Amino acid sequence: MIRVLIADDHPVVRQGLRTFLDLQDDITVVGEAADGEQAVALVAELAPDVLLLDLKMPVLDGLGALRRLSEAETRVVVLTSVSDRSDVGPAMRAGAAGFLYKDVDPGALVQAVRAVHGGQVLLAPEAAEAMLTVSGGVAAPGPMPLTEREREVLALIAAGRSNREIARSLAVAEKTVKTHVSNVLMKLGVQDRTQAALYAVRHGLA
């Protein structure tokens with residue numbers, strides 16, 4: 001059963017999402033948060049598998065919440081109505097595993113929750129396009145910068161270590177390592193661990 005937490009400052013949005021998600025056999029909504037501060041507290045208390053997070057919220061916004069949750073094992077899917085393309089990069093760099101807009105088809109949202117829970121990184125087509133371009137439609141230079149922890153994970157991938165070995169080496173849960181690996185692959189724009197290892201060697205990160 002995939003345990004989901006919903007964070008949105010609009011009660012009607014939370015209720016709609018809860019009603020729909022609770023219809024799924026493999027998903028249960030374990031809680032709701034009305035702001036980012038509440039979302040961070042509930043992740044610590046309930047340890048959900050997936051957090052659906054709005055970006056524009058009072059007290060602490062979605063980006064602030066993401067940064068506070070960077071070491072949490074919960075996978076975060078940004079679900080926002082704001083189509084400001086500049087939000088995508090910062091959210092993904094802060095640790096989001098997915099970025100969707102609220103006009104997403106309900107069935108696609110369910111698939112996204114399952115995919116992200118399974119370790120994938122998922123972007124709405126418009127969000128993916130925003131990641132690839134900057135103002136003026138010019139391709140963004142190079143991959144997104146890695147966090148310190150992601151650089152450590154990349155070096156260990158390049159050394160041929162398995163997720164279990166990396167987890168042991170960094171003293172974190174294997175699930176946390178999977179999240180870091182997914183983020184590394186997504187940020188470097190590579191398909192698998194082999195390509196990530198080659199990138200690390202070429203750029204002196206191994």
# chains A, B, ... in the order shown; residues from 1 in each chain; ligands from 1
$ closest_atom_pairs --of "region 143-190 of chain A" --to "region 88-105 of chain A" --cutoff "12 Å" --atoms "only C-alpha atoms" --output "JSON lines"
{"residue": "A:Pro143", "atom": "CA", "partner": "A:Arg93", "partner_atom": "CA", "distance": 10.9}
{"residue": "A:Met144", "atom": "CA", "partner": "A:Arg93", "partner_atom": "CA", "distance": 7.3}
{"residue": "A:Pro145", "atom": "CA", "partner": "A:Arg93", "partner_atom": "CA", "distance": 7.7}
{"residue": "A:Leu146", "atom": "CA", "partner": "A:Arg93", "partner_atom": "CA", "distance": 7.8}
{"residue": "A:Thr147", "atom": "CA", "partner": "A:Arg93", "partner_atom": "CA", "distance": 8.1}
{"residue": "A:Glu148", "atom": "CA", "partner": "A:Arg93", "partner_atom": "CA", "distance": 11.9}
{"residue": "A:Arg149", "atom": "CA", "partner": "A:Gly95", "partner_atom": "CA", "distance": 11.5}
{"residue": "A:Glu150", "atom": "CA", "partner": "A:Gly95", "partner_atom": "CA", "distance": 10.5}
{"residue": "A:Thr176", "atom": "CA", "partner": "A:Gly95", "partner_atom": "CA", "distance": 11.5}
{"residue": "A:Lys178", "atom": "CA", "partner": "A:Ala97", "partner_atom": "CA", "distance": 11.2}
{"residue": "A:Thr179", "atom": "CA", "partner": "A:Ala97", "partner_atom": "CA", "distance": 7.9}
{"residue": "A:His180", "atom": "CA", "partner": "A:Gly95", "partner_atom": "CA", "distance": 8.6}
{"residue": "A:Val181", "atom": "CA", "partner": "A:Ala97", "partner_atom": "CA", "distance": 11.1}
{"residue": "A:Ser182", "atom": "CA", "partner": "A:Ala97", "partner_atom": "CA", "distance": 8.0}
{"residue": "A:Asn183", "atom": "CA", "partner": "A:Ala97", "partner_atom": "CA", "distance": 7.3}
{"residue": "A:Val184", "atom": "CA", "partner": "A:Arg93", "partner_atom": "CA", "distance": 10.1}
{"residue": "A:Leu185", "atom": "CA", "partner": "A:Ala97", "partner_atom": "CA", "distance": 11.5}
{"residue": "A:Met186", "atom": "CA", "partner": "A:Met92", "partner_atom": "CA", "distance": 9.1}
{"residue": "A:Lys187", "atom": "CA", "partner": "A:Arg93", "partner_atom": "CA", "distance": 8.0}
{"residue": "A:Leu188", "atom": "CA", "partner": "A:Arg93", "partner_atom": "CA", "distance": 11.5}
$ residues_around --residues "region 11-24 of chain A" --least-positions-apart "5" --cutoff "10 Å" --atoms "only C-alpha atoms" --output "VMD selection string"
chain A and resid 1 to 2 4 to 6 29 to 34 52 102 106 to 107 109 to 110 113
$ write_last_selection --atoms "N, CA and C atoms" --output "short mmCIF file (atom, residue, chain, number, x, y, z; two decimals), in the first residue's frame"
data_model
loop_
_atom_site.label_atom_id
_atom_site.label_comp_id
_atom_site.auth_asym_id
_atom_site.auth_seq_id
_atom_site.Cartn_x
_atom_site.Cartn_y
_atom_site.Cartn_z
N MET A 1 0.84 -1.20 0.00
CA MET A 1 0.00 0.00 0.00
C MET A 1 0.87 1.25 0.00
N ILE A 2 0.63 2.16 -0.94
CA ILE A 2 1.40 3.41 -1.03
C ILE A 2 0.73 4.46 -0.14
N VAL A 4 0.17 8.12 1.10
CA VAL A 4 0.31 9.45 0.50
C VAL A 4 -0.10 10.55 1.48
N LEU A 5 0.67 11.63 1.51
CA LEU A 5 0.33 12.84 2.26
C LEU A 5 0.06 13.95 1.25
N ILE A 6 -1.02 14.72 1.46
CA ILE A 6 -1.37 15.81 0.55
C ILE A 6 -1.11 17.15 1.24
N VAL A 29 -4.50 7.67 1.58
CA VAL A 29 -4.10 9.00 2.01
C VAL A 29 -4.01 9.01 3.54
N VAL A 30 -2.81 9.27 4.07
CA VAL A 30 -2.61 9.16 5.52
C VAL A 30 -2.72 10.50 6.24
N GLY A 31 -2.76 11.60 5.47
CA GLY A 31 -2.87 12.90 6.13
C GLY A 31 -2.94 14.04 5.14
N GLU A 32 -3.27 15.24 5.67
CA GLU A 32 -3.35 16.45 4.87
C GLU A 32 -2.66 17.59 5.61
N ALA A 33 -2.00 18.44 4.84
CA ALA A 33 -1.34 19.62 5.42
C ALA A 33 -1.82 20.86 4.67
N ALA A 34 -2.03 21.96 5.41
CA ALA A 34 -2.53 23.20 4.80
C ALA A 34 -1.41 24.19 4.49
N LEU A 52 2.38 14.77 -1.99
CA LEU A 52 1.93 15.64 -3.08
C LEU A 52 1.99 17.06 -2.53
N LYS A 102 -1.74 20.95 -11.86
CA LYS A 102 -3.03 20.47 -11.33
C LYS A 102 -4.05 20.13 -12.41
N PRO A 106 -6.56 12.72 -13.91
CA PRO A 106 -6.53 11.95 -12.65
C PRO A 106 -5.82 10.60 -12.77
N GLY A 107 -6.07 9.91 -13.88
CA GLY A 107 -5.41 8.61 -14.09
C GLY A 107 -3.91 8.76 -14.18
N LEU A 109 -2.18 11.11 -12.76
CA LEU A 109 -1.68 11.43 -11.43
C LEU A 109 -1.45 10.14 -10.62
N VAL A 110 -2.40 9.23 -10.71
CA VAL A 110 -2.26 7.95 -10.00
C VAL A 110 -1.02 7.20 -10.50
N VAL A 113 2.08 8.80 -9.06
CA VAL A 113 2.32 8.42 -7.66
C VAL A 113 2.99 7.05 -7.61
#
$ residues_around --residues "Arg3 (chain A)" --least-positions-apart "3" --cutoff "10 Å" --atoms "only C-alpha atoms" --output "VMD selection string"
chain A and resid 26 to 31 46 to 51 74 113 117
$ closest_residue --among "A:Pro58, A:Ala112, A:Gly118, A:Ile157" --to "Asp192 (chain A)" --atoms "only C-alpha atoms"
A:Ile157
$ atom_distance --atom1 "CA of Val43 (chain A)" --atom2 "CA of Val77 (chain A)"
13.4 Å
$ atom_distance --atom1 "CA of Asp54 (chain A)" --atom2 "CA of Lys175 (chain A)"
23.7 Å
$ decode --residues "region 21-51 of chain A" --atoms "N, CA and C atoms" --output "short mmCIF file (atom, residue, chain, number, x, y, z; two decimals), in the first residue's frame"
data_model
loop_
_atom_site.label_atom_id
_atom_site.label_comp_id
_atom_site.auth_asym_id
_atom_site.auth_seq_id
_atom_site.Cartn_x
_atom_site.Cartn_y
_atom_site.Cartn_z
N LEU A 21 -7.80 9.52 -4.77
CA LEU A 21 -6.71 8.60 -4.46
C LEU A 21 -7.18 7.44 -3.59
N ASP A 22 -8.10 7.73 -2.67
CA ASP A 22 -8.59 6.66 -1.79
C ASP A 22 -9.40 5.60 -2.53
N LEU A 23 -9.80 5.89 -3.76
CA LEU A 23 -10.53 4.90 -4.57
C LEU A 23 -9.59 3.82 -5.10
N GLN A 24 -8.28 4.11 -5.09
CA GLN A 24 -7.31 3.17 -5.64
C GLN A 24 -7.01 2.06 -4.63
N ASP A 25 -6.91 0.83 -5.13
CA ASP A 25 -6.67 -0.31 -4.25
C ASP A 25 -5.31 -0.27 -3.56
N ASP A 26 -4.34 0.37 -4.22
CA ASP A 26 -2.97 0.31 -3.70
C ASP A 26 -2.48 1.63 -3.09
N ILE A 27 -3.41 2.59 -2.91
CA ILE A 27 -3.02 3.91 -2.38
C ILE A 27 -3.93 4.28 -1.21
N THR A 28 -3.35 4.83 -0.15
CA THR A 28 -4.15 5.34 0.95
C THR A 28 -3.61 6.71 1.36
N VAL A 29 -4.50 7.67 1.58
CA VAL A 29 -4.10 9.00 2.01
C VAL A 29 -4.01 9.01 3.54
N VAL A 30 -2.81 9.27 4.07
CA VAL A 30 -2.61 9.16 5.52
C VAL A 30 -2.72 10.50 6.24
N GLY A 31 -2.76 11.60 5.47
CA GLY A 31 -2.87 12.90 6.13
C GLY A 31 -2.94 14.04 5.14
N GLU A 32 -3.27 15.24 5.67
CA GLU A 32 -3.35 16.45 4.87
C GLU A 32 -2.66 17.59 5.61
N ALA A 33 -2.00 18.44 4.84
CA ALA A 33 -1.34 19.62 5.42
C ALA A 33 -1.82 20.86 4.67
N ALA A 34 -2.03 21.96 5.41
CA ALA A 34 -2.53 23.20 4.80
C ALA A 34 -1.41 24.19 4.49
N ASP A 35 -0.20 23.90 4.96
CA ASP A 35 0.95 24.76 4.64
C ASP A 35 2.23 23.93 4.70
N GLY A 36 3.34 24.54 4.28
CA GLY A 36 4.60 23.81 4.20
C GLY A 36 5.13 23.37 5.55
N GLU A 37 4.94 24.22 6.56
CA GLU A 37 5.41 23.89 7.91
C GLU A 37 4.72 22.61 8.41
N GLN A 38 3.40 22.58 8.19
CA GLN A 38 2.59 21.42 8.59
C GLN A 38 3.03 20.18 7.82
N ALA A 39 3.33 20.37 6.54
CA ALA A 39 3.75 19.24 5.69
C ALA A 39 5.03 18.62 6.23
N VAL A 40 6.01 19.46 6.59
CA VAL A 40 7.28 18.96 7.13
C VAL A 40 7.05 18.18 8.42
N ALA A 41 6.18 18.74 9.30
CA ALA A 41 5.90 18.09 10.58
C ALA A 41 5.21 16.74 10.37
N LEU A 42 4.27 16.69 9.42
CA LEU A 42 3.52 15.46 9.18
C LEU A 42 4.38 14.38 8.50
N VAL A 43 5.32 14.81 7.66
CA VAL A 43 6.24 13.83 7.07
C VAL A 43 7.05 13.16 8.18
N ALA A 44 7.51 13.96 9.14
CA ALA A 44 8.28 13.41 10.26
C ALA A 44 7.42 12.48 11.11
N GLU A 45 6.15 12.85 11.28
CA GLU A 45 5.26 12.08 12.15
C GLU A 45 4.72 10.82 11.48
N LEU A 46 4.32 10.94 10.19
CA LEU A 46 3.60 9.85 9.52
C LEU A 46 4.49 9.03 8.58
N ALA A 47 5.65 9.58 8.20
CA ALA A 47 6.56 8.91 7.26
C ALA A 47 5.83 8.35 6.04
N PRO A 48 5.12 9.22 5.28
CA PRO A 48 4.42 8.74 4.08
C PRO A 48 5.42 8.33 3.00
N ASP A 49 4.97 7.50 2.07
CA ASP A 49 5.84 7.10 0.95
C ASP A 49 5.97 8.24 -0.06
N VAL A 50 4.85 8.93 -0.30
CA VAL A 50 4.81 9.99 -1.31
C VAL A 50 4.11 11.21 -0.73
N LEU A 51 4.68 12.40 -0.98
CA LEU A 51 4.06 13.66 -0.60
C LEU A 51 3.68 14.41 -1.86
#
